[in-house]
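Student: I'm passing along protein.pdb; it holds PDB, C-alpha atoms.
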ATOM      1  CA  MET A 718     -39.202  28.727   0.572
ATOM      2  CA  ASN A 719     -36.163  30.100  -1.211
ATOM      3  CA  ALA A 720     -34.004  27.826  -3.326
ATOM      4  CA  PRO A 721     -30.277  27.859  -2.526
ATOM      5  CA  SER A 722     -28.200  29.892  -4.899
ATOM      6  CA  PRO A 723     -25.936  27.979  -7.312
ATOM      7  CA  MET A 724     -22.908  29.622  -5.676
ATOM      8  CA  ALA A 725     -23.886  28.318  -2.215
ATOM      9  CA  LEU A 726     -24.623  24.844  -3.593
ATOM     10  CA  SER A 727     -21.240  24.583  -5.332
ATOM     11  CA  ALA A 728     -19.395  25.759  -2.226
ATOM     12  CA  VAL A 729     -21.035  23.053  -0.135
ATOM     13  CA  SER A 730     -20.529  20.205  -2.588
ATOM     14  CA  ALA A 731     -17.008  21.014  -3.785
ATOM     15  CA  PRO A 732     -15.205  19.246  -0.882
ATOM     16  CA  SER A 733     -17.417  16.183  -1.218
ATOM     17  CA  ILE A 734     -16.812  16.077  -4.977
ATOM     18  CA  GLU A 735     -13.068  16.356  -4.380
ATOM     19  CA  ARG A 736     -13.209  13.525  -1.803
ATOM     20  CA  ALA A 737     -15.165  11.374  -4.246
ATOM     21  CA  LEU A 738     -12.638  12.037  -7.021
ATOM     22  CA  LEU A 739      -9.738  11.223  -4.697
ATOM     23  CA  GLY A 740     -11.502   8.030  -3.632
ATOM     24  CA  ALA A 741     -12.001   7.042  -7.268
ATOM     25  CA  ALA A 742      -8.348   7.794  -8.071
ATOM     26  CA  THR A 743      -7.268   5.720  -5.067
ATOM     27  CA  LEU A 744      -9.416   2.779  -6.138
ATOM     28  CA  LEU A 745      -8.014   3.090  -9.655
ATOM     29  CA  ALA A 746      -4.461   3.048  -8.270
ATOM     30  CA  ALA A 747      -5.270  -0.084  -6.244
ATOM     31  CA  ALA A 748      -6.829  -1.696  -9.333
ATOM     32  CA  LEU A 749      -3.822  -0.981 -11.556
ATOM     33  CA  VAL A 750      -2.083  -4.156 -10.429
ATOM     34  CA  TRP A 751      -4.967  -6.197 -11.850
ATOM     35  CA  LEU A 752      -5.156  -4.644 -15.340
ATOM     36  CA  ALA A 753      -2.180  -6.377 -16.966
ATOM     37  CA  PRO A 754      -1.535 -10.146 -16.883
ATOM     38  CA  ARG A 755       1.901  -9.284 -15.508
ATOM     39  CA  PRO A 756       2.076  -5.836 -13.904
ATOM     40  CA  PRO A 757       4.915  -3.779 -15.406
ATOM     41  CA  MET A 758       6.891  -3.564 -12.178
ATOM     42  CA  VAL A 759      10.555  -4.485 -12.577
ATOM     43  CA  ASP A 760      11.056  -6.449  -9.326
ATOM     44  CA  LEU A 761       7.567  -7.920  -8.989
ATOM     45  CA  PRO A 762       8.336 -11.297 -10.657
ATOM     46  CA  GLN A 763      11.207 -11.836  -8.231
ATOM     47  CA  HIS A 764       8.942 -11.147  -5.248
ATOM     48  CA  ALA A 765       6.239 -13.471  -6.572
ATOM     49  CA  GLY A 766       8.903 -16.123  -7.137
ATOM     50  CA  GLN A 767      10.115 -15.776  -3.551
ATOM     51  CA  VAL A 768       6.589 -16.268  -2.219
ATOM     52  CA  ALA A 769       6.003 -19.251  -4.526
ATOM     53  CA  ILE A 770       9.244 -20.962  -3.543
ATOM     54  CA  TRP A 771       8.532 -20.369   0.150
ATOM     55  CA  ARG A 772       5.060 -21.899  -0.288
ATOM     56  CA  ASP A 773       6.545 -24.868  -2.138
ATOM     57  CA  MET A 774       9.157 -25.384   0.587
ATOM     58  CA  ILE A 775       6.448 -25.464   3.252
ATOM     59  CA  LEU A 776       4.454 -27.976   1.188
ATOM     60  CA  GLY A 777       7.571 -30.064   0.573
ATOM     61  CA  ALA A 778       7.086 -29.657  -3.169
ATOM     62  CA  SER A 779      10.234 -27.682  -3.971
ATOM     63  CA  PRO A 780      13.019 -29.517  -5.806
ATOM     64  CA  PHE A 781      15.377 -26.818  -4.483
ATOM     65  CA  ALA A 782      14.608 -27.285  -0.767
ATOM     66  CA  GLY A 783      18.118 -28.590  -0.070
ATOM     67  CA  GLU A 784      19.684 -25.551  -1.750
ATOM     68  CA  LEU A 785      17.621 -22.800  -0.149
ATOM     69  CA  ARG A 786      17.170 -21.310   3.300
ATOM     70  CA  ILE A 787      14.637 -18.812   4.581
ATOM     71  CA  ASN A 788      16.337 -15.702   5.964
ATOM     72  CA  LEU A 789      14.224 -14.598   8.908
ATOM     73  CA  ALA A 790      16.306 -11.427   9.340
ATOM     74  CA  THR A 791      15.314  -9.855   6.032
ATOM     75  CA  PRO A 792      13.125  -6.753   5.745
ATOM     76  CA  TYR A 793      11.319  -8.517   2.905
ATOM     77  CA  LEU A 794       9.734 -10.873   5.426
ATOM     78  CA  VAL A 795       6.804  -8.548   6.173
ATOM     79  CA  GLY A 796       5.626  -8.348   2.558
ATOM     80  CA  TYR A 797       6.277 -12.027   1.916
ATOM     81  CA  GLY A 798       4.656 -12.998   5.210
ATOM     82  CA  LEU A 799       1.468 -11.175   4.239
ATOM     83  CA  ALA A 800       1.378 -12.760   0.778
ATOM     84  CA  LEU A 801       2.322 -16.293   1.859
ATOM     85  CA  PRO A 802      -1.022 -17.323   3.429
ATOM     86  CA  LEU A 803      -2.822 -16.001   0.351
ATOM     87  CA  ALA A 804      -0.461 -18.004  -1.894
ATOM     88  CA  PHE A 805      -1.993 -21.203  -0.509
ATOM     89  CA  LEU A 806      -5.370 -20.067  -1.882
ATOM     90  CA  VAL A 807      -4.448 -18.247  -5.097
ATOM     91  CA  PRO A 808      -1.368 -18.145  -7.358
ATOM     92  CA  ALA A 809       1.624 -16.308  -5.860
ATOM     93  CA  THR A 810       1.308 -13.449  -8.352
ATOM     94  CA  ASP A 811      -2.296 -12.865  -7.305
ATOM     95  CA  ALA A 812      -1.302 -13.043  -3.629
ATOM     96  CA  ILE A 813       1.235 -10.276  -4.263
ATOM     97  CA  ARG A 814      -1.416  -8.280  -6.125
ATOM     98  CA  ILE A 815      -3.885  -8.567  -3.239
ATOM     99  CA  VAL A 816      -1.269  -7.338  -0.762
ATOM    100  CA  LEU A 817      -0.218  -4.502  -3.104
ATOM    101  CA  SER A 818      -3.812  -3.352  -3.583
ATOM    102  CA  ALA A 819      -4.399  -3.407   0.174
ATOM    103  CA  ALA A 820      -1.112  -1.548   0.781
ATOM    104  CA  ILE A 821      -2.062   1.206  -1.656
ATOM    105  CA  LEU A 822      -5.419   1.671   0.074
ATOM    106  CA  ALA A 823      -3.766   1.548   3.511
ATOM    107  CA  PHE A 824      -1.145   4.098   2.434
ATOM    108  CA  MET A 825      -3.827   6.540   1.360
ATOM    109  CA  LEU A 826      -5.846   6.063   4.567
ATOM    110  CA  ALA A 827      -2.773   6.332   6.817
ATOM    111  CA  GLY A 828      -1.505   9.348   4.879
ATOM    112  CA  ARG A 829      -4.836  11.073   5.174
ATOM    113  CA  ALA A 830      -4.909  10.389   8.923
ATOM    114  CA  LEU A 831      -1.373  11.780   9.284
ATOM    115  CA  ARG A 832      -2.305  14.877   7.293
ATOM    116  CA  ARG A 833      -5.360  15.441   9.518
ATOM    117  CA  GLU A 834      -3.246  14.929  12.664
ATOM    118  CA  ALA A 835      -0.794  17.551  11.400
ATOM    119  CA  GLY A 836      -3.641  19.937  10.545
ATOM    120  CA  ALA A 837      -2.449  20.243   6.943
ATOM    121  CA  ASP A 838      -4.440  21.239   3.862
ATOM    122  CA  PRO A 839      -6.681  18.425   2.544
ATOM    123  CA  ARG A 840      -5.459  19.090  -0.997
ATOM    124  CA  LEU A 841      -2.196  17.395   0.010
ATOM    125  CA  ASP A 842      -4.027  14.051  -0.072
ATOM    126  CA  TRP A 843      -3.648  14.045  -3.846
ATOM    127  CA  LEU A 844       0.128  14.034  -3.540
ATOM    128  CA  MET A 845       0.019  10.794  -1.562
ATOM    129  CA  LEU A 846      -0.999   8.924  -4.702
ATOM    130  CA  PHE A 847       2.528   9.449  -5.994
ATOM    131  CA  GLY A 848       4.024   7.952  -2.843
ATOM    132  CA  VAL A 849       3.098   4.450  -3.946
ATOM    133  CA  THR A 850       2.428   4.836  -7.656
ATOM    134  CA  GLY A 851       5.572   6.672  -8.689
ATOM    135  CA  PHE A 852       9.161   5.490  -8.508
ATOM    136  CA  ALA A 853       8.423   2.682  -6.036
ATOM    137  CA  TRP A 854       5.673   1.373  -8.298
ATOM    138  CA  SER A 855       7.607   1.393 -11.548
ATOM    139  CA  TRP A 856      10.566  -0.446 -10.036
ATOM    140  CA  GLY A 857       8.351  -2.864  -8.134
ATOM    141  CA  PHE A 858       9.586  -2.019  -4.661
ATOM    142  CA  TYR A 859       7.033  -4.366  -3.167
ATOM    143  CA  THR A 860       8.340  -4.315   0.390
ATOM    144  CA  PHE A 861       8.578  -0.515   0.401
ATOM    145  CA  ILE A 862       4.977  -0.188  -0.773
ATOM    146  CA  VAL A 863       3.838  -2.670   1.894
ATOM    147  CA  ALA A 864       5.881  -1.030   4.684
ATOM    148  CA  ALA A 865       5.034   2.598   3.800
ATOM    149  CA  PRO A 866       1.581   2.606   5.479
ATOM    150  CA  VAL A 867       3.179   1.291   8.674
ATOM    151  CA  LEU A 868       5.657   4.176   8.612
ATOM    152  CA  LEU A 869       2.860   6.715   8.197
ATOM    153  CA  ILE A 870       1.006   5.220  11.164
ATOM    154  CA  VAL A 871       4.173   5.397  13.287
ATOM    155  CA  LEU A 872       4.706   9.022  12.230
ATOM    156  CA  ARG A 873       1.133   9.865  13.217
ATOM    157  CA  LEU A 874       1.615   8.254  16.621
ATOM    158  CA  ALA A 875       4.939  10.084  17.065
ATOM    159  CA  LEU A 876       3.317  13.407  16.198
ATOM    160  CA  ARG A 877       0.487  12.726  18.623
ATOM    161  CA  HIS A 878       2.969  11.780  21.357
ATOM    162  CA  ALA A 879       5.112  14.875  20.678
ATOM    163  CA  ARG A 880       2.082  17.072  21.217
ATOM    164  CA  ALA A 881       1.078  15.423  24.492
ATOM    165  CA  PRO A 882       3.851  13.238  25.914
ATOM    166  CA  SER A 883       2.738  10.634  28.402
ATOM    167  CA  ALA A 884       4.022   7.315  29.703
ATOM    168  CA  SER A 885       0.881   5.534  28.482
ATOM    169  CA  ALA A 886       1.300   6.780  24.894
ATOM    170  CA  ALA A 887       4.978   5.785  24.696
TER     171      ALA A 887
END
How does the structure come out when it is put into structure tokens?

Tutor:
Amino acid sequence: MNAPSPMALSAVSAPSIERALLGAATLLAAALVWLAPRPPMVDLPQHAGQVAIWRDMILGASPFAGELRINLATPYLVGYGLALPLAFLVPATDAIRIVLSAAILAFMLAGRALRREAGADPRLDWLMLFGVTGFAWSWGFYTFIVAAPVLLIVLRLALRHARAPSASAA
């Protein structure tokens, strides 16, 4: 029985090593929000405060309830709505962190699915890390980070529909 040559072995394992490294980088990106007591995202305290005040208003514990109203027509509602149930179990900041971590993972999965649907080079997956950990991350664009995976899913469905239009896929 002949042993495989080192060249053949490296050619077979290179894609799996790259996938493992990308997976580790993705998990690291999702864990970044947990490393600091207060993540260094400019708008994040405001978002956590919004979730906390909304929770307190529901519980009847807010001294500002007479001064505040919940705007149901805001695009922030999706991110806050996902964090609100968690805020009843954990502090509001941790609820935001859980949603952010999940959004980062979802962005990478949705981006990878879109890239596969488009038939693009798998090396592009690495660039998706900057979609949620770059400008949007540093400024704390919480609702953008939460909504971005939804956009990628819609783009994938639109691409699929453009390739094979049908009434059932619309």

Student: For the file shown, what are the residues hit by the PyMOL selection byres ((chain A and resi 818-826) around 8), laid out as a PyMOL selection string?

Tutor: chain A and resi 743-744+746-748+750+814-817+827-830+842+845-846+849+862-863+865-866+869

Student: Could you give me, as a PyMOL selection string, the residues within 9 Å of Ala809 (chain A), counting all atoms listed in the file and dropping anything in the same chain fewer than 5 positions from it?

Tutor: chain A and resi 764-769+772+800-801+803-804+814

Student: So how many Å separate CA of Leu749 (chain A) and CA of Phe852 (chain A), to one decimal?

Tutor: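 Taking CA of Leu749 (chain A) and CA of Phe852 (chain A), their separation equals 14.8 Å.
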
Student: With distances taken over all atoms listed in the file, which residue among A:Val867, A:Phe805, A:Val759, A:Leu752 lies nearest Met774 (chain A)?

Tutor: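 Using all atoms listed in the file, the shortest distance to Met774 (chain A) belongs to A:Phe805.
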
Student: Need the shell around Leu761 (chain A): protein/DNA/RNA residues with any atom at most 9 Å away, counting all atoms listed in the file. Skip same-chain ones fewer than 4 positions apart. Format as a list in words?

Tutor: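 In the requested form, the answer reads Arg755, Pro756, Pro757, Ala765, Gly766, Thr810, Ile813, Trp856, Gly857, Phe858 and Tyr859 of chain A.
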
Student: For a quick check of understanding, using all atoms listed in the file, which of A:Gly851, A:Ile775, A:Leu841, A:Ile734 has the smallest distance to Pro802 (chain A)?

Tutor: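 Among A:Gly851, A:Ile775, A:Leu841, A:Ile734, it is A:Ile775 that comes nearest to Pro802 (chain A).
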
Student: Could the centre and edge lengths of an axis-aligned box, enclosing all atoms of region 778-796 of chain A in the file with 3 Å extra on each side, be given in Å to one decimal as lines of an AutoDock Vina configuration file?

Tutor:
center_x = 12.7
center_y = -18.2
center_z = 1.8
size_x = 20.1
size_y = 28.9
size_z = 21.1

Student: Record the distance separating CA of Ala837 (chain A) and CA of Leu876 (chain A), expressed in Å with one decimal.

Tutor: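 Computing the Euclidean distance for CA of Ala837 (chain A) and CA of Leu876 (chain A) yields 12.9 Å.
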
Student: Just to confirm, what's the straight-line distance from CA of Leu831 (chain A) to CA of Leu872 (chain A) in Å (one decimal)?

Tutor: 7.3 Å

Student: Could you tell me which of A:Val795, A:Trp843, A:Arg833, A:Ala853 comes closest to Gly740 (chain A) if we count all atoms listed in the file?

Tutor: A:Trp843

Student: With distances taken over only C-alpha atoms, which of A:Leu776, A:Leu799, A:Ala864, A:Leu806 is nearest to Gly848 (chain A)?

Tutor: A:Ala864

Student: Looking at all atoms listed in the file, which of A:Ala742, A:Leu794, A:Leu844, A:Leu874 is the one that sits closest to Phe861 (chain A)?

Tutor: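 Of A:Ala742, A:Leu794, A:Leu844, A:Leu874, the one nearest Phe861 (chain A) is A:Leu794, counting all atoms listed in the file.
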
Student: Smallest atom-to-atom distance to Pro792 (chain A): which of A:Ser883, A:Ala741, A:Thr860, A:Ala875, using all atoms listed in the file?

Tutor: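 Under the stated criterion, the closest residue is A:Thr860.
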